Structure formats: structure tokens, C-alpha cells
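Structure file work_33.txt (compact mmCIF, C-alpha atoms) follows.
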# COMPACT_ATOMS: atom_id res chain seq x y z
CA MET A 1 -20.37 -77.75 14.09
CA ILE A 2 -22.42 -75.64 16.49
CA GLY A 3 -24.33 -72.71 15.03
CA GLU A 4 -24.00 -69.19 16.41
CA TYR A 5 -27.48 -69.11 17.87
CA GLN A 6 -27.20 -72.57 19.45
CA ALA A 7 -24.00 -71.43 21.19
CA LEU A 8 -25.82 -68.28 22.32
CA LEU A 9 -28.68 -70.39 23.67
CA VAL A 10 -26.29 -72.60 25.68
CA TYR A 11 -24.68 -69.52 27.18
CA LEU A 12 -28.04 -67.95 28.03
CA VAL A 13 -29.22 -71.10 29.80
CA VAL A 14 -26.02 -71.26 31.88
CA ALA A 15 -26.24 -67.54 32.69
CA LEU A 16 -29.87 -67.94 33.79
CA LEU A 17 -28.97 -70.91 36.02
CA VAL A 18 -26.12 -68.94 37.61
CA ALA A 19 -28.38 -65.96 38.30
CA LEU A 20 -31.17 -68.17 39.68
CA SER A 21 -28.89 -70.14 41.97
CA MET A 22 -27.33 -66.95 43.32
CA SER A 23 -30.77 -65.49 43.93
CA PHE A 24 -31.94 -68.45 45.98
CA ALA A 25 -28.63 -68.89 47.82
CA SER A 26 -29.40 -66.60 50.74
CA GLU A 27 -32.94 -67.93 51.01
CA ARG A 28 -31.45 -71.39 51.59
CA LEU A 29 -28.25 -70.54 53.45
CA GLY A 30 -29.26 -67.52 55.50
CA PRO A 31 -30.73 -67.64 59.00
CA ARG A 32 -34.48 -67.31 59.48
CA ALA A 33 -35.68 -65.38 62.48
CA PRO A 34 -39.14 -64.00 61.73
CA GLY A 35 -40.81 -61.45 63.93
CA GLY A 36 -40.68 -57.80 64.82
CA LEU A 37 -41.10 -55.21 62.12
CA LYS A 38 -38.80 -56.95 59.66
CA ARG A 39 -41.47 -57.41 57.04
CA GLU A 40 -42.59 -53.78 57.03
CA THR A 41 -41.35 -51.69 54.10
CA TYR A 42 -38.65 -49.20 55.01
CA GLU A 43 -39.77 -45.63 54.44
CA SER A 44 -37.25 -43.75 56.55
CA GLY A 45 -38.87 -44.79 59.84
CA ILE A 46 -42.32 -43.42 59.01
CA VAL A 47 -45.08 -46.03 59.21
CA PRO A 48 -46.20 -46.73 55.63
CA GLU A 49 -49.84 -45.73 55.27
CA ALA A 50 -51.17 -47.16 52.06
CA PRO A 51 -49.86 -49.42 49.31
CA VAL A 52 -48.26 -47.52 46.48
CA ARG A 53 -50.12 -47.60 43.23
CA TYR A 54 -49.71 -44.26 41.52
CA PHE A 55 -46.92 -42.18 40.07
CA SER A 56 -46.62 -39.13 37.86
CA VAL A 57 -48.26 -39.40 34.44
CA ARG A 58 -45.19 -37.73 32.91
CA PHE A 59 -43.42 -41.10 32.95
CA TYR A 60 -46.11 -42.53 30.65
CA ARG A 61 -45.43 -39.71 28.23
CA VAL A 62 -41.72 -40.54 28.17
CA ALA A 63 -42.54 -44.17 27.49
CA MET A 64 -44.80 -43.21 24.58
CA LEU A 65 -42.25 -40.86 23.05
CA PHE A 66 -39.69 -43.64 23.36
CA MET A 67 -41.97 -46.02 21.48
CA ILE A 68 -42.36 -43.55 18.60
CA PHE A 69 -38.68 -42.89 18.11
CA ASP A 70 -37.30 -46.30 18.98
CA VAL A 71 -39.29 -47.90 16.19
CA ALA A 72 -37.88 -45.29 13.81
CA VAL A 73 -34.34 -45.97 15.02
CA MET A 74 -34.81 -49.73 14.70
CA ALA A 75 -36.03 -49.30 11.14
CA LEU A 76 -32.81 -47.47 10.31
CA TYR A 77 -30.42 -50.27 11.33
CA PRO A 78 -30.69 -52.37 8.14
CA TRP A 79 -30.43 -49.21 6.07
CA ALA A 80 -27.30 -48.11 7.93
CA THR A 81 -25.65 -51.50 7.50
CA SER A 82 -26.15 -51.61 3.76
CA LEU A 83 -25.79 -47.91 3.01
CA ARG A 84 -22.39 -48.33 1.34
CA ASP A 85 -23.91 -50.71 -1.22
CA LEU A 86 -26.98 -48.57 -1.76
CA GLY A 87 -24.87 -45.50 -2.52
CA ARG A 88 -26.39 -42.14 -3.38
CA SER A 89 -29.86 -43.42 -4.16
CA GLY A 90 -29.95 -45.11 -0.76
CA PHE A 91 -29.30 -41.77 0.91
CA TRP A 92 -31.91 -39.85 -1.10
CA HIS A 93 -34.56 -42.53 -0.66
CA ALA A 94 -34.14 -42.55 3.11
CA LEU A 95 -34.25 -38.77 3.36
CA PRO A 96 -38.09 -38.42 3.30
CA PHE A 97 -38.34 -40.95 6.14
CA LEU A 98 -35.69 -39.11 8.15
CA ALA A 99 -37.49 -35.83 7.42
CA VAL A 100 -40.77 -37.22 8.80
CA VAL A 101 -38.97 -38.33 11.96
CA ALA A 102 -37.24 -34.96 12.28
CA VAL A 103 -40.50 -33.02 11.77
CA THR A 104 -42.21 -35.17 14.42
CA PHE A 105 -39.33 -34.50 16.75
CA GLY A 106 -39.43 -30.75 16.12
CA TYR A 107 -43.21 -30.65 16.61
CA LEU A 108 -43.00 -32.48 19.93
CA TRP A 109 -40.24 -30.16 21.06
CA LYS A 110 -42.28 -27.07 20.14
CA ARG A 111 -45.38 -28.42 21.89
CA GLY A 112 -43.33 -28.93 25.04
CA GLY A 113 -43.27 -32.71 24.85
CA PHE A 114 -39.78 -32.80 26.31
CA GLN A 115 -40.51 -30.33 29.12
CA TRP A 116 -40.47 -32.03 32.48
CA HIS A 117 -42.64 -29.38 34.20
CA MET B 118 -18.26 -83.30 20.30
CA ILE B 119 -14.98 -81.43 20.67
CA ALA B 120 -16.74 -78.26 19.54
CA PHE B 121 -19.30 -78.74 22.29
CA VAL B 122 -16.61 -79.23 24.93
CA ILE B 123 -14.87 -76.05 23.76
CA LEU B 124 -18.17 -74.19 23.92
CA ILE B 125 -18.88 -75.36 27.48
CA VAL B 126 -15.36 -74.39 28.58
CA LYS B 127 -15.76 -70.98 26.97
CA VAL B 128 -19.17 -70.42 28.58
CA LEU B 129 -17.93 -71.33 32.06
CA LEU B 130 -14.74 -69.29 31.60
CA LEU B 131 -16.65 -66.21 30.48
CA ILE B 132 -19.04 -66.39 33.41
CA ALA B 133 -16.12 -66.90 35.80
CA ILE B 134 -14.26 -63.95 34.27
CA LEU B 135 -17.35 -61.74 34.53
CA MET B 136 -18.01 -62.71 38.14
CA GLY B 137 -14.36 -62.17 39.04
CA GLY B 138 -14.43 -58.95 37.05
CA PHE B 139 -17.48 -57.84 39.00
CA ALA B 140 -15.88 -58.61 42.37
CA TYR B 141 -12.60 -56.90 41.61
CA THR B 142 -14.10 -53.93 39.76
CA MET B 143 -16.11 -53.30 42.90
CA LEU B 144 -13.00 -53.56 45.06
CA LEU B 145 -11.09 -51.31 42.65
CA GLU B 146 -13.89 -48.76 42.79
CA ARG B 147 -14.01 -48.76 46.59
CA ARG B 148 -10.26 -48.41 46.91
CA LEU B 149 -10.00 -45.75 44.21
CA LEU B 150 -12.91 -43.78 45.68
CA GLY B 151 -11.07 -44.02 48.97
CA PHE B 152 -7.94 -42.53 47.44
CA PHE B 153 -9.92 -39.84 45.61
CA GLN B 154 -11.48 -38.84 48.92
CA LEU B 155 -8.15 -38.95 50.82
CA ARG B 156 -8.95 -42.08 52.82
CA LEU B 157 -7.78 -45.66 52.48
CA GLY B 158 -10.80 -47.71 51.45
CA PRO B 159 -11.14 -51.39 52.36
CA ASN B 160 -7.63 -52.72 53.12
CA ARG B 161 -8.07 -55.13 56.05
CA VAL B 162 -9.12 -58.45 54.51
CA GLY B 163 -6.12 -60.09 52.89
CA PRO B 164 -3.09 -58.25 51.51
CA GLY B 165 -4.17 -54.74 50.49
CA GLY B 166 -7.84 -55.72 50.84
CA LEU B 167 -7.59 -58.27 48.03
CA LEU B 168 -9.86 -60.80 49.74
CA GLN B 169 -12.55 -58.23 50.54
CA PRO B 170 -14.94 -59.29 47.70
CA ILE B 171 -14.83 -62.91 48.89
CA ALA B 172 -15.60 -61.87 52.45
CA ASP B 173 -18.48 -59.73 51.12
CA ALA B 174 -19.87 -62.63 49.09
CA ILE B 175 -19.84 -65.00 52.09
CA LYS B 176 -21.46 -62.37 54.26
CA MET B 177 -24.18 -61.65 51.69
CA MET B 178 -24.94 -65.34 51.26
CA LEU B 179 -25.32 -65.93 54.99
CA LYS B 180 -27.62 -62.96 55.59
CA GLU B 181 -31.30 -63.40 56.30
CA ASP B 182 -33.38 -62.93 53.19
CA LEU B 183 -36.18 -60.47 53.95
CA MET B 184 -39.22 -59.76 51.86
CA PRO B 185 -41.81 -57.09 52.75
CA ALA B 186 -45.18 -58.55 53.76
CA SER B 187 -46.96 -56.52 51.08
CA ALA B 188 -44.55 -57.48 48.29
CA ASP B 189 -45.48 -59.60 45.31
CA PRO B 190 -43.49 -62.76 46.10
CA VAL B 191 -42.98 -64.11 42.58
CA VAL B 192 -41.99 -60.83 40.94
CA TYR B 193 -39.91 -59.84 43.96
CA ARG B 194 -37.84 -63.01 43.62
CA LEU B 195 -37.64 -62.83 39.85
CA ALA B 196 -36.59 -59.21 39.37
CA PRO B 197 -32.92 -59.38 40.46
CA VAL B 198 -32.50 -62.55 38.40
CA ILE B 199 -33.68 -60.69 35.28
CA SER B 200 -31.19 -57.89 35.92
CA ALA B 201 -28.22 -60.18 36.45
CA PHE B 202 -29.21 -62.46 33.56
CA ALA B 203 -29.51 -59.55 31.13
CA ALA B 204 -26.14 -58.19 32.23
CA LEU B 205 -24.45 -61.55 31.72
CA ALA B 206 -26.20 -62.20 28.41
CA VAL B 207 -24.83 -59.16 26.57
CA ASP B 208 -21.24 -60.39 26.83
CA ALA B 209 -21.95 -63.45 24.69
CA VAL B 210 -21.48 -61.47 21.48
CA ILE B 211 -18.51 -59.28 22.40
CA PRO B 212 -15.26 -60.50 20.81
CA PHE B 213 -12.57 -60.59 23.51
CA GLY B 214 -9.63 -61.32 21.24
CA ALA B 215 -8.44 -62.62 17.89
CA PRO B 216 -9.14 -66.32 17.26
CA ILE B 217 -6.43 -68.38 18.92
CA HIS B 218 -4.90 -71.66 17.76
CA VAL B 219 -4.35 -74.39 20.35
CA PHE B 220 -3.65 -78.09 19.64
CA GLY B 221 -4.51 -77.61 15.99
CA LEU B 222 -7.92 -76.12 16.78
CA THR B 223 -9.09 -72.61 16.03
CA VAL B 224 -11.01 -71.10 18.93
CA ASP B 225 -12.95 -67.82 18.55
CA LEU B 226 -12.80 -65.75 21.68
CA ASP B 227 -16.52 -65.06 21.84
CA ILE B 228 -19.47 -67.31 22.61
CA ALA B 229 -21.43 -66.46 19.51
CA ASN B 230 -20.74 -64.28 16.53
CA PRO B 231 -24.10 -63.69 14.82
CA SER B 232 -24.39 -61.23 11.96
CA ILE B 233 -26.65 -58.99 14.08
CA GLY B 234 -24.30 -59.03 17.09
CA LEU B 235 -24.73 -55.38 17.97
CA LEU B 236 -28.52 -55.62 17.87
CA ILE B 237 -28.43 -58.64 20.19
CA ALA B 238 -26.19 -56.73 22.58
CA PHE B 239 -28.64 -53.79 22.63
CA ALA B 240 -31.62 -56.11 22.98
CA PHE B 241 -30.26 -57.85 26.06
CA SER B 242 -28.96 -54.67 27.64
CA SER B 243 -32.42 -53.13 27.40
CA LEU B 244 -33.93 -56.20 29.07
CA GLY B 245 -32.09 -55.20 32.25
CA VAL B 246 -34.55 -52.39 32.86
CA TYR B 247 -37.29 -54.94 33.56
CA GLY B 248 -35.33 -56.20 36.55
CA ILE B 249 -35.10 -52.70 37.94
CA VAL B 250 -38.69 -51.59 37.41
CA LEU B 251 -40.22 -54.90 38.49
CA GLY B 252 -38.02 -54.98 41.60
CA GLY B 253 -39.11 -51.43 42.44
CA TRP B 254 -42.76 -52.22 41.87
CA ALA B 255 -42.81 -55.60 43.62
CA SER B 256 -41.29 -54.16 46.83
CA GLN B 257 -44.43 -52.01 47.37
CA ASN B 258 -42.30 -49.25 48.81
CA LYS B 259 -42.77 -45.64 47.67
CA TYR B 260 -39.07 -45.03 47.24
CA SER B 261 -38.47 -48.29 45.43
CA LEU B 262 -41.31 -47.64 43.01
CA LEU B 263 -40.08 -44.12 42.29
CA GLY B 264 -36.55 -45.38 41.80
CA GLY B 265 -37.70 -48.09 39.42
CA ILE B 266 -39.87 -45.70 37.40
CA ARG B 267 -37.12 -43.12 37.24
CA ALA B 268 -34.66 -45.74 36.06
CA THR B 269 -37.03 -46.83 33.30
CA ALA B 270 -37.62 -43.31 32.02
CA GLN B 271 -33.92 -42.53 32.13
CA ILE B 272 -32.75 -45.74 30.50
CA ILE B 273 -35.26 -45.67 27.65
CA SER B 274 -34.58 -41.97 26.99
CA TYR B 275 -30.85 -42.48 26.73
CA GLU B 276 -31.19 -45.73 24.82
CA LEU B 277 -32.41 -43.79 21.77
CA ALA B 278 -29.27 -41.66 21.67
CA MET B 279 -27.18 -44.78 22.26
CA GLY B 280 -28.75 -46.58 19.31
CA LEU B 281 -28.36 -43.56 17.04
CA SER B 282 -24.74 -42.96 17.98
CA ALA B 283 -23.75 -46.56 17.29
CA MET B 284 -25.29 -46.43 13.83
CA GLY B 285 -22.51 -44.38 12.29
CA VAL B 286 -20.10 -47.20 13.06
CA LEU B 287 -22.42 -49.65 11.28
CA MET B 288 -22.33 -47.43 8.19
CA LEU B 289 -18.54 -47.19 8.19
CA ALA B 290 -17.97 -50.86 8.98
CA HIS B 291 -20.72 -52.01 6.64
CA THR B 292 -21.85 -54.70 9.10
CA ALA B 293 -23.51 -55.19 12.48
CA ASN B 294 -21.29 -58.14 13.35
CA LEU B 295 -18.96 -57.08 16.18
CA GLU B 296 -16.09 -59.27 14.99
CA GLN B 297 -16.34 -57.73 11.51
CA ILE B 298 -16.49 -54.23 13.04
CA VAL B 299 -13.14 -54.90 14.71
CA LEU B 300 -11.66 -56.23 11.47
CA ALA B 301 -12.99 -53.23 9.56
CA GLN B 302 -11.10 -51.01 11.98
CA ARG B 303 -7.91 -52.90 11.17
CA ARG B 304 -8.44 -52.04 7.48
CA GLU B 305 -9.67 -48.46 7.77
CA GLY B 306 -8.25 -47.20 11.05
CA TRP B 307 -10.05 -47.04 14.37
CA PHE B 308 -13.41 -45.31 14.24
CA TRP B 309 -12.84 -42.93 17.14
CA LEU B 310 -11.65 -40.09 14.91
CA PRO B 311 -14.35 -40.15 12.19
CA GLN B 312 -16.98 -40.80 14.88
CA ILE B 313 -15.70 -38.45 17.55
CA VAL B 314 -19.12 -36.94 18.40
CA PRO B 315 -21.04 -40.27 18.57
CA LEU B 316 -18.19 -41.57 20.71
CA LEU B 317 -18.86 -38.89 23.31
CA VAL B 318 -22.63 -39.33 23.09
CA PHE B 319 -22.22 -43.08 23.48
CA PHE B 320 -20.02 -42.61 26.51
CA ILE B 321 -22.54 -40.34 28.22
CA THR B 322 -25.39 -42.74 27.48
CA MET B 323 -23.25 -45.59 28.84
CA ILE B 324 -23.07 -43.83 32.20
CA ALA B 325 -26.82 -43.22 32.14
CA GLU B 326 -27.62 -46.81 31.13
CA THR B 327 -25.62 -48.21 34.03
CA ASN B 328 -27.25 -45.74 36.46
CA ARG B 329 -23.95 -44.36 37.67
CA THR B 330 -23.04 -40.94 38.96
CA PRO B 331 -23.79 -38.27 37.68
CA PHE B 332 -26.87 -40.11 36.36
CA ASP B 333 -27.61 -42.21 39.45
CA LEU B 334 -31.05 -40.69 40.02
CA PRO B 335 -32.74 -44.13 40.37
CA GLU B 336 -30.78 -44.78 43.55
CA ALA B 337 -30.28 -41.21 44.75
CA GLU B 338 -29.78 -41.94 48.43
CA SER B 339 -30.55 -38.40 49.56
CA GLU B 340 -34.03 -38.59 48.02
CA LEU B 341 -34.99 -42.24 47.69
CA VAL B 342 -33.21 -44.15 50.51
CA ALA B 343 -31.59 -46.57 48.05
CA GLY B 344 -34.02 -46.51 45.14
CA TYR B 345 -35.26 -49.71 43.58
CA HIS B 346 -33.24 -52.06 45.83
CA THR B 347 -34.23 -50.50 49.19
CA GLU B 348 -36.15 -53.60 50.26
CA TYR B 349 -33.67 -56.18 49.05
CA SER B 350 -31.27 -57.99 51.33
CA GLY B 351 -28.75 -60.81 51.17
CA MET B 352 -27.80 -62.29 47.82
CA ARG B 353 -30.72 -60.67 45.98
CA PHE B 354 -29.36 -57.26 46.94
CA ALA B 355 -25.94 -58.41 45.75
CA LEU B 356 -27.42 -59.51 42.41
CA TYR B 357 -28.31 -55.90 41.60
CA TYR B 358 -24.70 -55.03 42.21
CA VAL B 359 -23.60 -57.94 40.04
CA ALA B 360 -25.80 -56.54 37.30
CA GLU B 361 -24.53 -52.99 37.73
CA TYR B 362 -20.84 -53.84 37.62
CA ILE B 363 -21.10 -56.43 34.86
CA ASN B 364 -23.06 -53.87 32.86
CA LEU B 365 -20.26 -51.42 33.48
CA ILE B 366 -17.67 -53.87 32.15
CA THR B 367 -19.93 -54.79 29.23
CA VAL B 368 -20.67 -51.30 27.99
CA SER B 369 -16.98 -50.47 28.32
CA GLY B 370 -16.23 -53.49 26.15
CA LEU B 371 -18.87 -52.40 23.66
CA TRP B 372 -17.49 -48.87 23.49
CA VAL B 373 -13.96 -50.14 22.99
CA THR B 374 -15.15 -52.56 20.30
CA LEU B 375 -17.10 -49.93 18.39
CA PHE B 376 -14.71 -46.99 18.55
CA PHE B 377 -11.28 -48.08 19.74
CA GLY B 378 -10.53 -51.16 17.67
CA GLY B 379 -11.61 -53.81 20.17
CA TRP B 380 -8.72 -56.24 20.61
CA LEU B 381 -6.50 -54.55 18.00
CA GLY B 382 -3.17 -53.20 19.16
CA PRO B 383 0.59 -53.34 18.57
CA GLY B 384 1.87 -56.91 18.32
CA PHE B 385 4.03 -57.09 21.43
CA LEU B 386 1.03 -58.00 23.58
CA PRO B 387 -1.61 -60.64 22.71
CA PRO B 388 -4.94 -59.21 21.44
CA ILE B 389 -6.94 -60.40 24.46
CA LEU B 390 -4.63 -58.44 26.73
CA TRP B 391 -5.11 -55.30 24.65
CA PHE B 392 -8.86 -55.71 25.03
CA PHE B 393 -8.65 -55.98 28.80
CA ILE B 394 -6.22 -53.05 29.06
CA LYS B 395 -8.60 -50.84 27.08
CA VAL B 396 -11.62 -51.95 29.11
CA GLY B 397 -9.64 -51.34 32.30
CA ILE B 398 -8.90 -47.78 31.24
CA VAL B 399 -12.58 -47.12 30.51
CA VAL B 400 -13.60 -48.61 33.87
CA PHE B 401 -11.09 -46.34 35.59
CA LEU B 402 -12.60 -43.40 33.70
CA PHE B 403 -16.05 -44.37 35.05
CA ILE B 404 -14.78 -44.44 38.62
CA TRP B 405 -12.95 -41.14 38.16
CA ILE B 406 -16.15 -39.51 36.89
CA ARG B 407 -18.09 -40.91 39.84
CA ALA B 408 -15.58 -39.41 42.24
CA THR B 409 -15.61 -36.04 40.47
CA LEU B 410 -19.11 -35.05 39.38
CA PRO B 411 -22.21 -34.27 41.47
CA ARG B 412 -25.61 -35.74 40.63
CA PHE B 413 -27.82 -34.24 37.91
CA ARG B 414 -31.25 -32.78 38.66
CA TYR B 415 -34.01 -34.98 37.25
CA ASP B 416 -35.60 -32.49 34.84
CA LYS B 417 -32.14 -31.53 33.54
CA LEU B 418 -31.32 -35.18 33.02
CA MET B 419 -34.41 -35.75 30.89
CA SER B 420 -34.05 -32.59 28.83
CA PHE B 421 -30.34 -33.25 28.31
CA GLY B 422 -31.12 -36.66 26.88
CA TRP B 423 -33.95 -35.57 24.60
CA LYS B 424 -32.88 -32.05 23.61
CA VAL B 425 -29.11 -32.37 23.36
CA LEU B 426 -27.92 -35.95 22.89
CA LEU B 427 -30.70 -37.06 20.54
CA PRO B 428 -30.52 -34.15 18.02
CA VAL B 429 -26.71 -34.12 18.10
CA SER B 430 -26.40 -37.81 17.34
CA PHE B 431 -29.15 -37.58 14.70
CA LEU B 432 -27.40 -34.73 12.87
CA TYR B 433 -24.03 -36.45 13.03
CA LEU B 434 -25.65 -39.61 11.71
CA LEU B 435 -27.07 -37.66 8.80
CA GLY B 436 -23.57 -36.30 8.04
CA THR B 437 -22.05 -39.77 8.24
CA ALA B 438 -24.76 -41.11 5.94
CA ALA B 439 -24.09 -38.40 3.38
CA PHE B 440 -20.37 -39.13 3.54
CA VAL B 441 -20.62 -42.92 3.37
CA SER B 442 -23.17 -42.97 0.54
CA GLY B 443 -21.01 -40.63 -1.51
CA VAL B 444 -23.44 -37.68 -1.61
CA LEU B 445 -20.79 -35.39 -0.12
Show this structure as C-alpha cells.
Amino acid sequence: MIGEYQALLVYLVVALLVALSMSFASERLGPRAPGGLKRETYESGIVPEAPVRYFSVRFYRVAMLFMIFDVAVMALYPWATSLRDLGRSGFWHALPFLAVVAVTFGYLWKRGGFQWH
Amino acid sequence: MIAFVILIVKVLLLIAILMGGFAYTMLLERRLLGFFQLRLGPNRVGPGGLLQPIADAIKMMLKEDLMPASADPVVYRLAPVISAFAALAVDAVIPFGAPIHVFGLTVDLDIANPSIGLLIAFAFSSLGVYGIVLGGWASQNKYSLLGGIRATAQIISYELAMGLSAMGVLMLAHTANLEQIVLAQRREGWFWLPQIVPLLVFFITMIAETNRTPFDLPEAESELVAGYHTEYSGMRFALYYVAEYINLITVSGLWVTLFFGGWLGPGFLPPILWFFIKVGIVVFLFIWIRATLPRFRYDKLMSFGWKVLLPVSFLYLLGTAAFVSGVL
């Protein structure tokens, strides 16, 4: 008998091989005619001036907010799955945790954490 | 031994179905968009354009593969593979139909059925964002980088609401195993009615996760040329499309499994057919929305995700929790 995770592993390996072979197909099969401006980056016809290294710091903020709440959401999955067994006490015991998350969320909202400007 | 043969057959079949599904979903989308916009769409290759995807695939494979001189070669080559791999991987845990009996053997119509199936599906679907952001970064193109970063911010923002809105189903079904979720819906009725708000939230986040109109900011062609795949050509470019369309089929399958009973349906059609009919309807809905709605503005997109979808799904989750635990 094959376990669930062994079957998953077999599938993942096959999927990876399929993706890899497709990725290298055009490198092998396609024509190669180097030269011209082919290897310049395309920026709407304007000659690219400098390599790109920087972008708006607002994206870092989004990533950090995501980290905070995603961990909270992940922690709730086992609780959600077994809530029917836990019954009333399960609900009341989780409420302080949910309240902390909600207060954090409200605070961030009030401080403009979700404002894009 | 026989179990291993069955597994290999299932793996190859699933990948073939997904690749075929990708090719023909793309054709369906192009033809339907054509009809929505009062034109014909691709109809020249084969009867009614049916061979168009094959012609596209051959063309893509025989194109010259270009890489910008300033690009990071390893990451540039790896990024589309990550995207396509993550898209393919999610489908391993989705149950396509009831177990079937052939030649005295019972065959489950999924690759694996782990007890944390839904979590595995979410885990792999969030891996896809690496392909997009790394592809955007490795191209060393301003537009690609912006597209990749935008995609990351958008996908992680909407992933929270997606996770929260699926949790109500876990409470009702009492399990995270997708097969068991379907069976629970046979006992207790489909979850679309008790979970009507999470269903809508999940649908909106599905569109955002697959970067489709009206949430296609990462590849907004009027601002970013083509977003994260501007510099890609040939089969690597096609791999991003493989990822996008397989993701579309996958999230539709996930939505159907969570809220609309998966492969359940009246007995006159086999379960697997019911599953594909339901997924087909959701895919049509996606295309219809793409043809109908204009693109969001970026700041609206972010505030909609954080200030509307997240609180709404959180409050509904709280209500579901109170109901399931017997407090109400």
C-alpha cells in the first residue's frame, strides 16, 4: 500500500519534471540568432538607463502586515477543525486570542496601516 | 506493485488532463471573449479553431529563447518552472470524483488524500507567487519588477481573506480533508447556503489570486507593458500561461469542492462528470467577468482586500464559530 504523502511526492516529482522539460524545450528546439538589440530589456523603446534595484517601501509594509495576520490565521486552522468537539468552552477560550487579533487589526486601521497613500 | 501502477497512471492522466484543460480553457476564453466583443476569435486552425492550442504550442516551442543580458540567468530560468510546478501541485489533493471500482479494484480519484488536504492546497498555491516575483526581479526590467512586486502584495493580501473564508467550511465539515468535506456535504447539505458570505469572499479572492481581470494589476498592459513576463519568450512565456490557466481550473475546483458539494450530484450522471460540469460553469463565470469588468485602481485594490474582505470574513467566521460550538 502506498501512503498518501508518498503518492503526493511521486506526483510532485513528475510535475516538476514536466515543468522543467517544458521550460528548456524552446532553449533546445528554438533557433539561435544572436545579435542586434535582442538582449536589451524592453522598456517601451526607451533605452534603459540603470539596473532596477528599488521600489516603493509600501510593499514591505504589506508584507509585514501579512506576516502578522497570516500566522494568526494559521494558528486558527486546528481550532476550526476541532471546534465541534471542543464545544462552548472551545469558543470562549479562543475568544481572547481573536480579540487580540481584532484589536491589532483595528489599531493598524486607525493608524493608517492600510492606507496606500 | 499494482497500487504503484495505478498511481503512475493516475499521475500521468491528471497531468494530461490539466495540460489539455489549460489548452482548451485558453481557446474557450479566446473564443468567448471574441463573442462577447462581437468578433469571431480564433477559428482558422482546424474545425472551429479546435486545433489552435496545438498550433500555439508548436509555435512557442520553436521560438527563439531570449534572455536579457542583465538578467540573472539561474533565477530567470527557474522562475516560470516554479509557477507552473506550484499550479500543477495543488491539484494532487482535489478529489475529482467518487472512488470507482474497476476489475475488482477500488481507485480513488485523487492522487493523495491527506488529512490536511486543504492546507496543502493553500501551501502550494501560495508557492506560485515566488515564480512571479522572481521572474519579475530576474528580468531586470522596471516594468517586470513592478509587476512582480505588485503581484506579491496583491496575492498575499488576498490570501488572508481566502484562508479566513475557507475556515467556516472546516468548522462545519469538522475536517480539513477535502474528500471528507465532500462527504460531509452529502450528509448535511451543500455548504453554499450556510456559508454564503465566505463563498463570495472566496470567489473574489480567487480572481485576485489568479491575477485576472478586474484584479490583473500585475500585468496591466496599459501601465506595465506585460508585467512580470515582459522579458520572457518562447516556452518560458507559455509556462506562465500554463500556470495562470491551471490555477484558474484549480481554484474553481477548490471552490466547487468547498461550497458546492464537489463531485456530488443527481445520480443520472457519474460523479466525475458532475465535478467537471461545475468547474466548467465557474470557468465560464471567470471569463464572463473578464469580458465585463474594467480593471481596479491599485490603491482601491489594496484597501478593498484589507478593509472590506478581511473584516467581513473575520466577522462571519466568528458567527460560524458561535453557531458550530453551540454558543448561539
Problem - Which of B:Trp391, B:Phe308, B:Phe241, B:Phe413 sits closest to chain A [using all atoms listed in the file] - result: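 Of B:Trp391, B:Phe308, B:Phe241, B:Phe413, the one nearest chain A, counting all atoms listed in the file, is B:Phe241.
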Handout entry: Pro387 of chain B surroundings by all atoms listed in the file, 12 Å radius, close-in-sequence under 4 positions cut, as a list in words
Key = Phe213, Gly214, Ala215, Pro216, Ile217, Trp380, Leu381, Gly382, Pro383, Trp391, Phe392, Phe393 and Ile394 of chain B
Exercise for the section: State, in Å with one decimal place, the distance from atom CA of Gly378 of chain B to atom CA of Met136 of chain B. Expected result: 24.7 Å
Practice task
Could you list, as an MDAnalysis selection string, the residues of chain A having an atom within 6 Å of chain B when counting only C-alpha atoms?
Solution key: chainID A and resid 4 7:8 11 15:16 19:20 23 26:27 29:32 39:41 52 80:81 84 87:88 116
Problem - Coordinates-based distance that separates atom CA of Ser282 of chain B from atom CA of Gln312 of chain B (Å, one decimal) - result: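 Separation of atom CA of Gln312 of chain B and atom CA of Ser282 of chain B: 8.6 Å.
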